[in-house]
$ cat start_1.txt   # compact mmCIF, C-alpha atoms and all ligand atoms
# COMPACT_ATOMS: atom_id res chain seq x y z
CA MET R 660 70.57 61.09 12.22
CA THR R 661 69.94 62.19 8.65
CA SER R 662 72.74 62.67 6.18
CA LEU R 663 70.56 64.14 3.44
CA PRO R 664 71.77 67.38 1.87
CA ILE R 665 70.45 70.60 3.36
CA MET R 666 67.83 72.62 1.47
CA ILE R 667 68.02 76.40 0.99
CA ASP R 668 65.41 78.83 -0.26
CA ALA R 669 64.64 82.53 -0.19
CA ALA R 670 61.18 82.70 -1.78
CA PHE R 671 59.66 84.92 0.92
CA ASP R 672 59.41 88.56 2.00
CA SER R 673 62.85 90.20 1.64
CA GLY R 674 64.43 86.88 0.64
CA ASN R 675 67.59 87.01 -1.46
CA ILE R 676 70.00 84.20 -2.32
CA GLU R 677 71.02 82.16 -5.33
CA VAL R 678 72.07 78.56 -4.64
CA LEU R 679 75.02 77.62 -6.82
CA ALA R 680 75.75 74.21 -5.28
CA ILE R 681 74.98 72.12 -2.19
CA ASP R 682 77.10 69.25 -0.91
CA GLY R 683 75.85 67.72 2.35
CA THR R 684 75.87 70.60 4.85
CA CYS R 685 78.04 72.88 2.70
CA ALA R 686 76.59 75.39 0.26
CA ARG R 687 78.06 77.71 -2.34
CA LEU R 688 75.85 80.78 -2.71
CA ALA R 689 75.61 84.18 -4.40
CA ILE R 690 73.53 87.33 -3.83
CA ARG R 691 71.04 88.45 -6.51
CA LYS R 692 71.45 92.03 -7.79
CA ASP R 693 68.75 94.64 -7.12
CA ASN R 694 66.35 94.67 -10.10
CA LEU R 695 67.66 96.82 -13.00
CA SER R 696 70.71 97.72 -10.92
CA ASP R 697 74.21 96.47 -10.13
CA PHE R 698 73.88 96.86 -6.36
CA TYR R 699 73.96 93.75 -4.18
CA GLN R 700 74.79 93.13 -0.54
CA TRP R 701 71.52 92.17 1.22
CA PHE R 702 70.91 88.45 1.75
CA HIS R 703 68.18 86.59 3.60
CA PHE R 704 67.56 82.86 3.27
CA ARG R 705 66.41 79.75 5.09
CA VAL R 706 68.30 76.50 5.61
CA ALA R 707 66.32 73.30 6.26
CA GLY R 708 67.45 69.86 7.32
CA ALA R 709 70.52 70.72 9.37
CA ARG R 710 69.55 69.74 12.92
CA GLY R 711 72.69 69.33 15.02
CA ARG R 712 75.00 69.43 11.99
CA GLU R 713 77.65 72.07 11.31
CA LEU R 714 76.71 74.26 8.34
CA GLU R 715 79.32 75.82 6.10
CA LEU R 716 77.68 78.50 3.95
CA LYS R 717 79.87 80.31 1.42
CA ILE R 718 78.52 83.50 -0.17
CA THR R 719 80.77 84.12 -3.17
CA GLY R 720 81.56 86.98 -5.57
CA LEU R 721 81.48 89.68 -2.91
CA ASN R 722 84.47 91.70 -4.13
CA ALA R 723 82.03 93.21 -6.65
CA SER R 724 79.29 93.87 -4.08
CA ALA R 725 78.16 97.43 -3.32
CA TYR R 726 80.42 97.77 -0.24
CA PRO R 727 83.25 95.24 -0.23
CA ASP R 728 84.64 96.93 2.92
CA GLY R 729 81.46 95.88 4.65
CA TRP R 730 82.52 92.22 4.89
CA THR R 731 85.67 92.58 6.99
CA ASP R 732 84.88 92.06 10.70
CA TYR R 733 81.23 91.42 9.79
CA ARG R 734 79.18 88.53 11.23
CA ALA R 735 75.95 87.24 9.68
CA VAL R 736 72.75 87.32 11.75
CA VAL R 737 70.98 84.03 12.40
CA SER R 738 67.72 82.99 14.04
CA GLU R 739 65.95 79.71 14.64
CA ASP R 740 62.71 81.19 16.03
CA ARG R 741 62.66 84.39 13.90
CA GLU R 742 62.32 86.43 17.12
CA TYR R 743 65.83 86.41 18.59
CA TRP R 744 68.61 87.17 16.09
CA GLY R 745 72.17 86.42 17.15
CA ARG R 746 75.42 86.43 15.23
CA ALA R 747 77.06 83.41 13.58
CA GLU R 748 80.79 82.67 13.26
CA THR R 749 81.72 84.43 10.00
CA ALA R 750 84.94 85.04 8.08
CA PHE R 751 85.70 86.92 4.85
CA ASP R 752 88.43 85.97 2.39
CA THR R 753 88.87 88.43 -0.45
CA HIS R 754 91.04 85.90 -2.37
CA GLU R 755 88.53 83.01 -2.35
CA ASP R 756 86.07 82.70 -5.27
CA GLY R 757 85.84 86.45 -6.02
CA GLY R 758 85.51 87.36 -2.34
CA THR R 759 83.80 84.83 -0.07
CA LEU R 760 81.96 85.18 3.21
CA THR R 761 82.00 81.86 5.07
CA ILE R 762 79.29 81.41 7.72
CA ARG R 763 79.53 78.47 10.15
CA TYR R 764 76.63 77.53 12.39
CA ARG R 765 75.20 74.41 14.03
CA PRO R 766 71.40 74.69 14.37
CA GLN R 767 69.73 73.05 17.36
CA GLY R 768 66.55 72.54 15.33
CA ASP R 769 65.71 71.64 11.76
CA LEU R 770 65.56 75.22 10.47
CA ALA R 771 67.67 78.35 10.59
CA TRP R 772 67.30 81.74 8.90
CA PHE R 773 70.33 83.82 7.92
CA ALA R 774 70.35 87.49 6.90
CA TYR R 775 72.61 90.51 6.41
CA PHE R 776 70.78 92.20 9.29
CA THR R 777 67.69 91.39 11.36
CA PRO R 778 64.86 91.56 8.81
CA PHE R 779 61.89 93.87 9.28
CA SER R 780 59.10 92.37 7.18
CA TRP R 781 56.30 94.10 5.30
CA GLU R 782 53.88 92.23 7.59
CA ARG R 783 55.62 93.73 10.63
CA HIS R 784 55.37 97.12 8.91
CA GLN R 785 51.59 96.60 8.64
CA ASP R 786 51.47 95.75 12.35
CA LEU R 787 53.51 98.85 13.23
CA VAL R 788 51.26 101.10 11.16
CA ALA R 789 48.09 99.51 12.57
CA GLN R 790 49.17 99.79 16.21
CA THR R 791 50.43 103.34 15.84
CA ALA R 792 47.36 104.52 13.94
CA LEU R 793 45.13 103.27 16.79
CA ALA R 794 46.97 105.32 19.41
CA ASP R 795 45.32 108.48 20.78
CA GLY R 796 45.78 111.56 18.63
CA VAL R 797 47.48 109.78 15.73
CA GLU R 798 46.39 110.33 12.13
CA HIS R 799 47.41 108.02 9.32
CA ARG R 800 47.88 109.23 5.75
CA VAL R 801 48.86 107.44 2.57
CA LEU R 802 51.23 109.87 0.85
CA GLY R 803 51.29 107.90 -2.40
CA HIS R 804 52.15 104.53 -3.86
CA SER R 805 55.25 102.70 -4.97
CA LEU R 806 55.72 101.29 -8.47
CA ASP R 807 54.54 97.86 -7.28
CA GLY R 808 51.46 99.51 -5.73
CA ARG R 809 52.43 99.51 -2.05
CA SER R 810 51.43 102.41 0.18
CA ILE R 811 53.85 105.07 1.40
CA ASP R 812 52.49 105.31 4.94
CA CYS R 813 52.82 108.42 7.06
CA LEU R 814 51.86 108.63 10.75
CA GLU R 815 51.16 112.11 12.10
CA MET R 816 50.81 113.29 15.67
CA GLY R 817 51.36 116.30 17.89
CA GLU R 818 49.64 119.66 18.26
CA GLY R 819 52.65 121.98 18.07
CA PRO R 820 53.75 124.27 15.25
CA ARG R 821 57.27 122.89 14.74
CA GLN R 822 57.33 120.52 11.75
CA VAL R 823 59.41 117.39 12.32
CA TRP R 824 59.90 114.68 9.67
CA LEU R 825 61.32 111.25 10.43
CA MET R 826 61.82 108.81 7.59
CA ALA R 827 63.50 105.45 7.13
CA ARG R 828 64.46 102.76 4.64
CA GLN R 829 65.01 104.77 1.50
CA HIS R 830 67.65 102.06 1.22
CA PRO R 831 65.57 98.95 1.84
CA GLY R 832 68.39 96.61 2.88
CA GLU R 833 69.09 98.91 5.84
CA SER R 834 66.44 97.21 7.93
CA MET R 835 67.87 98.62 11.18
CA ALA R 836 66.23 101.89 10.10
CA GLU R 837 62.73 100.44 10.55
CA TRP R 838 63.67 98.90 13.90
CA TRP R 839 64.68 102.46 14.84
CA MET R 840 61.16 103.52 13.77
CA GLU R 841 59.55 100.88 15.98
CA GLY R 842 61.35 102.34 19.01
CA ALA R 843 60.63 105.94 18.02
CA LEU R 844 56.92 105.35 17.36
CA ASP R 845 56.54 103.30 20.54
CA ARG R 846 57.96 106.22 22.53
CA LEU R 847 55.99 108.92 20.70
CA THR R 848 52.69 107.12 21.35
CA ASP R 849 53.36 106.22 25.00
CA PRO R 850 50.93 108.34 27.06
CA ALA R 851 53.10 107.80 30.17
CA ASP R 852 56.30 109.13 28.56
CA PRO R 853 56.93 112.77 29.53
CA VAL R 854 59.40 113.30 26.67
CA ALA R 855 56.77 112.20 24.15
CA ARG R 856 54.07 114.33 25.77
CA LYS R 857 56.28 117.42 25.64
CA LEU R 858 57.42 116.72 22.08
CA ARG R 859 53.81 116.36 20.93
CA ARG R 860 52.96 119.72 22.51
CA LEU R 861 55.81 121.43 20.69
CA CYS R 862 55.76 119.65 17.33
CA ARG R 863 53.77 118.17 14.52
CA PHE R 864 55.43 114.84 13.68
CA HIS R 865 55.31 113.30 10.21
CA VAL R 866 56.74 109.79 10.35
CA VAL R 867 57.41 107.65 7.26
CA PRO R 868 58.59 104.26 8.58
CA ASN R 869 59.30 102.74 5.16
CA ALA R 870 60.06 104.96 2.16
CA ASN R 871 60.90 102.02 -0.12
CA PRO R 872 58.50 99.12 0.45
CA ASP R 873 59.10 97.52 -2.97
CA GLY R 874 62.83 97.25 -2.42
CA SER R 875 62.16 95.89 1.08
CA VAL R 876 59.88 93.09 -0.12
CA ARG R 877 62.03 92.30 -3.15
CA GLY R 878 65.11 91.77 -0.99
CA HIS R 879 67.02 94.73 -2.47
CA LEU R 880 69.95 96.47 -0.86
CA ARG R 881 69.61 99.96 -2.23
CA THR R 882 66.95 100.56 -4.92
CA ASN R 883 63.23 100.52 -5.64
CA ALA R 884 61.46 98.28 -8.19
CA ALA R 885 62.84 100.32 -11.11
CA GLY R 886 66.43 100.17 -9.87
CA ALA R 887 66.36 103.79 -8.65
CA ASN R 888 68.49 104.71 -5.63
CA LEU R 889 65.83 106.84 -3.94
CA ASN R 890 68.39 108.87 -2.00
CA ARG R 891 69.64 110.24 -5.32
CA GLU R 892 66.17 111.33 -6.50
CA TRP R 893 65.37 114.31 -4.26
CA GLU R 894 66.26 117.06 -6.70
CA SER R 895 63.84 115.95 -9.44
CA PRO R 896 61.75 112.91 -8.49
CA THR R 897 59.38 111.52 -11.14
CA ALA R 898 56.22 109.44 -11.06
CA GLU R 899 57.82 106.96 -13.47
CA ARG R 900 61.10 106.36 -11.65
CA SER R 901 60.74 107.52 -8.03
CA PRO R 902 57.08 108.04 -7.06
CA GLU R 903 58.01 107.25 -3.43
CA VAL R 904 60.23 110.35 -3.20
CA LEU R 905 57.79 112.48 -5.20
CA ALA R 906 55.02 111.61 -2.70
CA ILE R 907 57.10 112.34 0.40
CA ARG R 908 58.67 115.54 -0.95
CA SER R 909 55.26 116.88 -2.05
CA ALA R 910 53.88 116.29 1.46
CA MET R 911 56.90 118.08 2.91
CA ASP R 912 56.33 121.02 0.56
CA ALA R 913 52.73 121.25 1.78
CA ASN R 914 53.65 121.14 5.48
CA GLY R 915 57.13 122.61 5.70
CA ALA R 916 60.00 121.21 7.74
CA GLU R 917 62.16 122.47 10.60
CA PHE R 918 63.91 119.21 11.52
CA VAL R 919 64.36 116.14 9.33
CA MET R 920 66.02 112.87 10.25
CA ASP R 921 66.59 110.31 7.49
CA VAL R 922 67.50 106.95 9.02
CA HIS R 923 69.99 104.58 7.36
CA GLY R 924 72.51 101.81 7.95
CA ASP R 925 76.19 101.82 7.02
CA GLU R 926 77.91 98.70 5.74
CA ALA R 927 81.53 99.50 6.59
CA ILE R 928 81.83 101.83 9.62
CA PRO R 929 81.41 100.12 13.02
CA ALA R 930 79.65 103.00 14.77
CA VAL R 931 76.49 105.11 14.89
CA PHE R 932 77.05 108.55 13.36
CA LEU R 933 75.33 111.49 11.68
CA ALA R 934 75.96 113.04 8.28
CA GLY R 935 74.88 116.63 7.64
CA TYR R 936 74.57 119.20 4.87
CA GLU R 937 78.00 120.80 4.58
CA GLY R 938 78.47 121.98 1.00
CA ILE R 939 74.90 123.15 0.28
CA PRO R 940 74.60 126.62 -1.31
CA SER R 941 73.03 128.21 1.79
CA TRP R 942 75.47 126.64 4.27
CA SER R 943 76.66 128.97 7.04
CA ASP R 944 78.32 128.69 10.43
CA ALA R 945 74.96 129.37 12.04
CA ARG R 946 73.27 126.62 10.03
CA GLN R 947 76.08 124.20 10.92
CA ALA R 948 75.68 125.07 14.60
CA GLY R 949 72.13 123.67 14.65
CA PHE R 950 73.39 120.32 13.38
CA ASP R 951 76.44 120.21 15.64
CA ARG R 952 74.33 121.02 18.69
CA TYR R 953 72.04 118.06 18.00
CA ALA R 954 75.02 115.70 17.53
CA ALA R 955 76.58 116.90 20.81
CA ILE R 956 73.33 116.37 22.72
CA LEU R 957 72.86 112.85 21.32
CA GLN R 958 76.46 111.95 22.08
CA ARG R 959 76.04 113.01 25.70
CA ARG R 960 72.76 111.07 26.05
CA THR R 961 73.80 107.67 24.70
CA PRO R 962 77.11 105.73 24.64
CA ASP R 963 75.93 104.09 21.39
CA PHE R 964 76.41 107.39 19.50
CA GLN R 965 79.70 109.08 18.66
CA THR R 966 81.17 111.79 16.42
CA ARG R 967 84.74 110.46 15.92
CA LEU R 968 83.95 108.06 13.03
CA GLY R 969 81.84 109.10 10.03
CA TYR R 970 81.87 110.29 6.43
CA ALA R 971 84.18 112.93 4.99
CA VAL R 972 82.26 116.22 4.68
CA ALA R 973 81.60 117.89 1.30
CA SER R 974 83.64 120.94 0.30
CA PRO R 975 81.86 124.33 0.06
CA GLY R 976 79.37 124.28 -2.81
CA LYS R 977 79.98 120.58 -3.53
CA ALA R 978 76.97 119.00 -1.81
CA ASN R 979 75.07 116.37 -3.80
CA MET R 980 71.66 118.02 -4.01
CA THR R 981 69.94 114.78 -5.12
CA MET R 982 70.30 113.44 -1.55
CA ALA R 983 67.45 114.02 0.90
CA THR R 984 69.52 115.61 3.66
CA ASN R 985 71.12 118.19 1.35
CA GLN R 986 68.02 118.90 -0.73
CA LEU R 987 65.76 119.34 2.32
CA ALA R 988 68.27 121.50 4.22
CA GLU R 989 68.45 123.84 1.24
CA ARG R 990 64.75 123.68 0.39
CA PHE R 991 63.40 124.43 3.87
CA GLY R 992 66.31 126.00 5.72
CA ALA R 993 65.81 123.03 8.04
CA VAL R 994 68.27 121.20 10.24
CA THR R 995 68.47 117.86 8.47
CA MET R 996 70.58 114.79 9.04
CA THR R 997 71.27 111.27 7.90
CA LEU R 998 71.53 108.90 10.86
CA GLU R 999 73.73 105.89 10.11
CA MET R 1000 73.69 102.74 12.25
CA PRO R 1001 76.13 99.88 11.65
CA PHE R 1002 75.58 96.47 10.10
CA LYS R 1003 78.56 95.36 12.22
CA ASP R 1004 78.58 96.76 15.74
CA ASN R 1005 79.52 99.82 17.77
CA ILE R 1006 83.23 99.08 18.34
CA ASP R 1007 83.24 101.29 21.44
CA LEU R 1008 80.56 99.13 23.08
CA PRO R 1009 80.44 95.77 21.28
CA CYS R 1010 77.97 92.96 21.94
CA ALA R 1011 79.41 89.47 21.31
CA ALA R 1012 76.02 87.74 21.09
CA GLN R 1013 74.15 90.12 18.79
CA GLY R 1014 76.43 92.85 17.46
CA TRP R 1015 74.36 95.86 16.47
CA SER R 1016 70.74 94.65 16.66
CA GLY R 1017 67.13 95.51 16.07
CA GLU R 1018 66.76 96.04 19.80
CA ARG R 1019 69.64 98.53 19.93
CA SER R 1020 68.28 100.30 16.84
CA ALA R 1021 64.91 100.70 18.57
CA GLN R 1022 66.64 102.11 21.65
CA MET R 1023 68.49 104.58 19.40
CA GLY R 1024 65.09 105.69 18.08
CA ARG R 1025 63.96 106.44 21.63
CA ASP R 1026 67.22 108.25 22.45
CA CYS R 1027 67.07 110.38 19.30
CA LEU R 1028 63.67 111.70 20.46
CA GLY R 1029 65.05 112.55 23.89
CA ALA R 1030 67.83 114.48 22.18
CA LEU R 1031 65.31 116.22 19.94
CA LEU R 1032 63.36 117.56 22.93
CA GLU R 1033 66.55 118.89 24.50
CA TRP R 1034 67.57 120.42 21.14
CA LEU R 1035 64.19 122.13 20.72
CA GLU R 1036 64.21 123.53 24.24
CA SER R 1037 67.82 124.73 24.50
ZN ZN O 1 71.46 104.23 3.26
$ encode --input "start_1.txt" --output "structure tokens" --more "lines below"
Ligand code: ZN
Amino acid sequence: MTSLPIMIDAAFDSGNIEVLAIDGTCARLAIRKDNLSDFYQWFHFRVAGARGRELELKITGLNASAYPDGWTDYRAVVSEDREYWGRAETAFDTHEDGGTLTIRYRPQGDLAWFAYFTPFSWERHQDLVAQTALADGVEHRVLGHSLDGRSIDCLEMGEGPRQVWLMARQHPGESMAEWWMEGALDRLTDPADPVARKLRRLCRFHVVPNANPDGSVRGHLRTNAAGANLNREWESPTAERSPEVLAIRSAMDANGAEFVMDVHGDEAIPAVFLAGYEGIPSWSDARQAGFDRYAAILQRRTPDFQTRLGYAVASPGKANMTMATNQLAERFGAVTMTLEMPFKDNIDLPCAAQGWSGERSAQMGRDCLGALLEWLES
């Protein structure tokens, strides 16, 4: 059995770690900030040379991370085959080394990958776009390009008049949002699924599976290549700072919108929940009712969704109009919503092996479409 020190790197798609020190099977690590930004929380790295030996990986300096509350009761995801992602024994100590997450794991093989959440790579995005674009009745459009030159892909389908927009990964470290997309697009393109067939009769779907490809590939938590938080750019996006939002919003202006779902992940709250558009200038009881009705339908349809835990709502007139959900609700009179899935787990229905997972995110994508059909028809 080897006693050489382990080796750690993150020089790959969505990789993010800085190695401060390695001693045998113990490592002291830190997370790199998003480019031109102070946000950091996403990590994704590979450990080599640890077969059968207990790893002790310490990610330090986390009291200054974007969401320090995200580390309590959090467990890192780990995979040895990069297909199945489970959870590793993890503990957080706010008093150790500026806030330290300690991950312990004993790999069966030589290699193990660790991440903040199950990664969804840019290669997998290409596969998702390719497979969906080949399905019957689907049209693919490039809405524009990111600052690093990546495409903002949009998949369109359905013959109905009701304009539905689904978008994900404005915040690139919230990779569960693109797993949600994989489930939603799989359902929408399944010719044997009656919900999908009915939805495509009623609606025209515009689906943007990754609104921030540069941040995704760069291993960012929250921003694009220029350090812009895209979900604060919807009031006045620019080609220089936020071309991703400018491209998507321009396409929405050309097509209109009746229903918009913007898919995210939440670091701290152990539940799936929706955030709405309370506090926009045109808010009314009637407008609120459209949102509440969708939330009630989704809650009845899946035990993984709830309305007890969530964000505090904005006071009248106090909505942040730079956020997609508020801007688009006001702009189109649409029912819009931010769907938040946890990095941790759903505490009402926890899974010891995986916590919240890519698989559960994909199922949520399917369930949200079932709820949409019921919402449209009732
Ligand atoms: Zn987010």
$ closest_residue --input "start_1.txt" --among "R:Ser1020, R:Thr995, R:Asn979, R:Ser834" --to "ligand ZN 1 (chain O)" --atoms "all atoms listed in the file"
R:Ser834
$ closest_residue --input "start_1.txt" --among "R:Ala1030, R:Ala993, R:Leu889, R:Leu861" --to "ligand ZN 1 (chain O)" --atoms "only C-alpha atoms and all ligand atoms"
R:Leu889
$ closest_residue --input "start_1.txt" --among "R:Gly817, R:Gly708, R:Pro727, R:Gly757" --to "R:Ala689" --atoms "only C-alpha atoms"
R:Gly757
$ closest_atom_pairs --input "start_1.txt" --of "chain R" --to "ligand ZN 1 (chain O)" --cutoff "7 Å" --atoms "all atoms listed in the file" --output "tab-separated table"
residue	atom	partner	partner_atom	distance
R:Gln829	CA	O:ZN1	ZN	6.7
R:His830	CA	O:ZN1	ZN	4.8
R:Glu833	CA	O:ZN1	ZN	6.4
R:His923	CA	O:ZN1	ZN	4.4
R:Gly924	CA	O:ZN1	ZN	5.4
R:Asp925	CA	O:ZN1	ZN	6.5
$ atom_distance --input "start_1.txt" --atom1 "atom CA of R:Ser780" --atom2 "atom CA of R:Ser875"
7.7 Å
$ closest_residue --input "start_1.txt" --among "R:Glu837, R:Glu899, R:Asp873, R:Asp845" --to "R:Asp1026" --atoms "only C-alpha atoms"
R:Asp845
$ residues_around --input "start_1.txt" --residues "R:Thr753" --least-positions-apart "2" --cutoff "12 Å" --atoms "all atoms listed in the file" --output "list in words"
Ile718, Thr719, Gly720, Leu721, Asn722, Ala723, Ser724, Pro727, Asp728, Gly729, Trp730, Thr731, Ala750, Phe751, Glu755, Asp756, Gly757, Gly758, Thr759, Leu760 and Thr761 of chain R
$ closest_residue --input "start_1.txt" --among "R:Ala898, R:Val788, R:Ala887, R:Leu770" --to "R:Arg710" --atoms "all atoms listed in the file"
R:Leu770
$ closest_residue --input "start_1.txt" --among "R:Leu933, R:Val854, R:Ala945, R:Met982" --to "R:Gln958" --atoms "all atoms listed in the file"
R:Leu933
$ atom_distance --input "start_1.txt" --atom1 "atom CA of R:Arg900" --atom2 "atom CA of R:Ala725"
21.0 Å
$ residues_around --input "start_1.txt" --residues "R:Pro820" --least-positions-apart "6" --cutoff "10 Å" --atoms "all atoms listed in the file" --output "list in words"
Arg859, Arg860, Leu861, Cys862, Arg863, Phe864 and Glu917 of chain R
$ build_atoms --input "start_1.txt" --residues "stretch 833-857 of chain R" --atoms "N, CA and C atoms" --output "CSV table (one decimal), in the coordinates of the input"
chain,number,residue,atom,x,y,z
R,833,GLU,N,68.7,98.4,4.5
R,833,GLU,CA,69.1,98.9,5.8
R,833,GLU,C,67.9,98.8,6.8
R,834,SER,N,67.6,97.5,7.1
R,834,SER,CA,66.4,97.2,7.9
R,834,SER,C,66.5,97.8,9.3
R,835,MET,N,67.8,98.0,9.8
R,835,MET,CA,67.9,98.6,11.2
R,835,MET,C,67.1,99.9,11.3
R,836,ALA,N,66.9,100.6,10.1
R,836,ALA,CA,66.2,101.9,10.1
R,836,ALA,C,64.8,101.7,10.5
R,837,GLU,N,64.1,100.6,10.1
R,837,GLU,CA,62.7,100.4,10.6
R,837,GLU,C,62.6,99.9,12.0
R,838,TRP,N,63.6,99.2,12.5
R,838,TRP,CA,63.7,98.9,13.9
R,838,TRP,C,63.8,100.2,14.7
R,839,TRP,N,64.6,101.1,14.2
R,839,TRP,CA,64.7,102.5,14.8
R,839,TRP,C,63.3,103.1,14.9
R,840,MET,N,62.5,103.0,13.8
R,840,MET,CA,61.2,103.5,13.8
R,840,MET,C,60.3,102.9,14.8
R,841,GLU,N,60.4,101.6,15.0
R,841,GLU,CA,59.6,100.9,16.0
R,841,GLU,C,59.8,101.5,17.4
R,842,GLY,N,61.1,101.7,17.7
R,842,GLY,CA,61.4,102.3,19.0
R,842,GLY,C,60.8,103.8,19.1
R,843,ALA,N,61.0,104.5,18.0
R,843,ALA,CA,60.6,105.9,18.0
R,843,ALA,C,59.1,106.1,18.1
R,844,LEU,N,58.4,105.3,17.3
R,844,LEU,CA,56.9,105.4,17.4
R,844,LEU,C,56.4,104.8,18.7
R,845,ASP,N,57.0,103.8,19.2
R,845,ASP,CA,56.5,103.3,20.5
R,845,ASP,C,56.7,104.4,21.6
R,846,ARG,N,57.8,105.1,21.5
R,846,ARG,CA,58.0,106.2,22.5
R,846,ARG,C,57.0,107.4,22.3
R,847,LEU,N,56.8,107.8,21.0
R,847,LEU,CA,56.0,108.9,20.7
R,847,LEU,C,54.5,108.7,21.1
R,848,THR,N,54.1,107.4,21.1
R,848,THR,CA,52.7,107.1,21.4
R,848,THR,C,52.5,106.6,22.8
R,849,ASP,N,53.5,106.7,23.6
R,849,ASP,CA,53.4,106.2,25.0
R,849,ASP,C,52.8,107.4,25.8
R,850,PRO,N,51.5,107.2,26.3
R,850,PRO,CA,50.9,108.3,27.1
R,850,PRO,C,51.6,108.6,28.4
R,851,ALA,N,52.4,107.6,28.9
R,851,ALA,CA,53.1,107.8,30.2
R,851,ALA,C,54.5,108.4,30.0
R,852,ASP,N,54.9,108.7,28.8
R,852,ASP,CA,56.3,109.1,28.6
R,852,ASP,C,56.3,110.7,28.5
R,853,PRO,N,57.0,111.3,29.5
R,853,PRO,CA,56.9,112.8,29.5
R,853,PRO,C,57.7,113.4,28.4
R,854,VAL,N,58.7,112.8,27.8
R,854,VAL,CA,59.4,113.3,26.7
R,854,VAL,C,58.4,113.3,25.5
R,855,ALA,N,57.7,112.3,25.3
R,855,ALA,CA,56.8,112.2,24.2
R,855,ALA,C,55.7,113.2,24.3
R,856,ARG,N,55.2,113.4,25.5
R,856,ARG,CA,54.1,114.3,25.8
R,856,ARG,C,54.5,115.8,25.5
R,857,LYS,N,55.7,116.1,25.9
R,857,LYS,CA,56.3,117.4,25.6
R,857,LYS,C,56.5,117.6,24.1
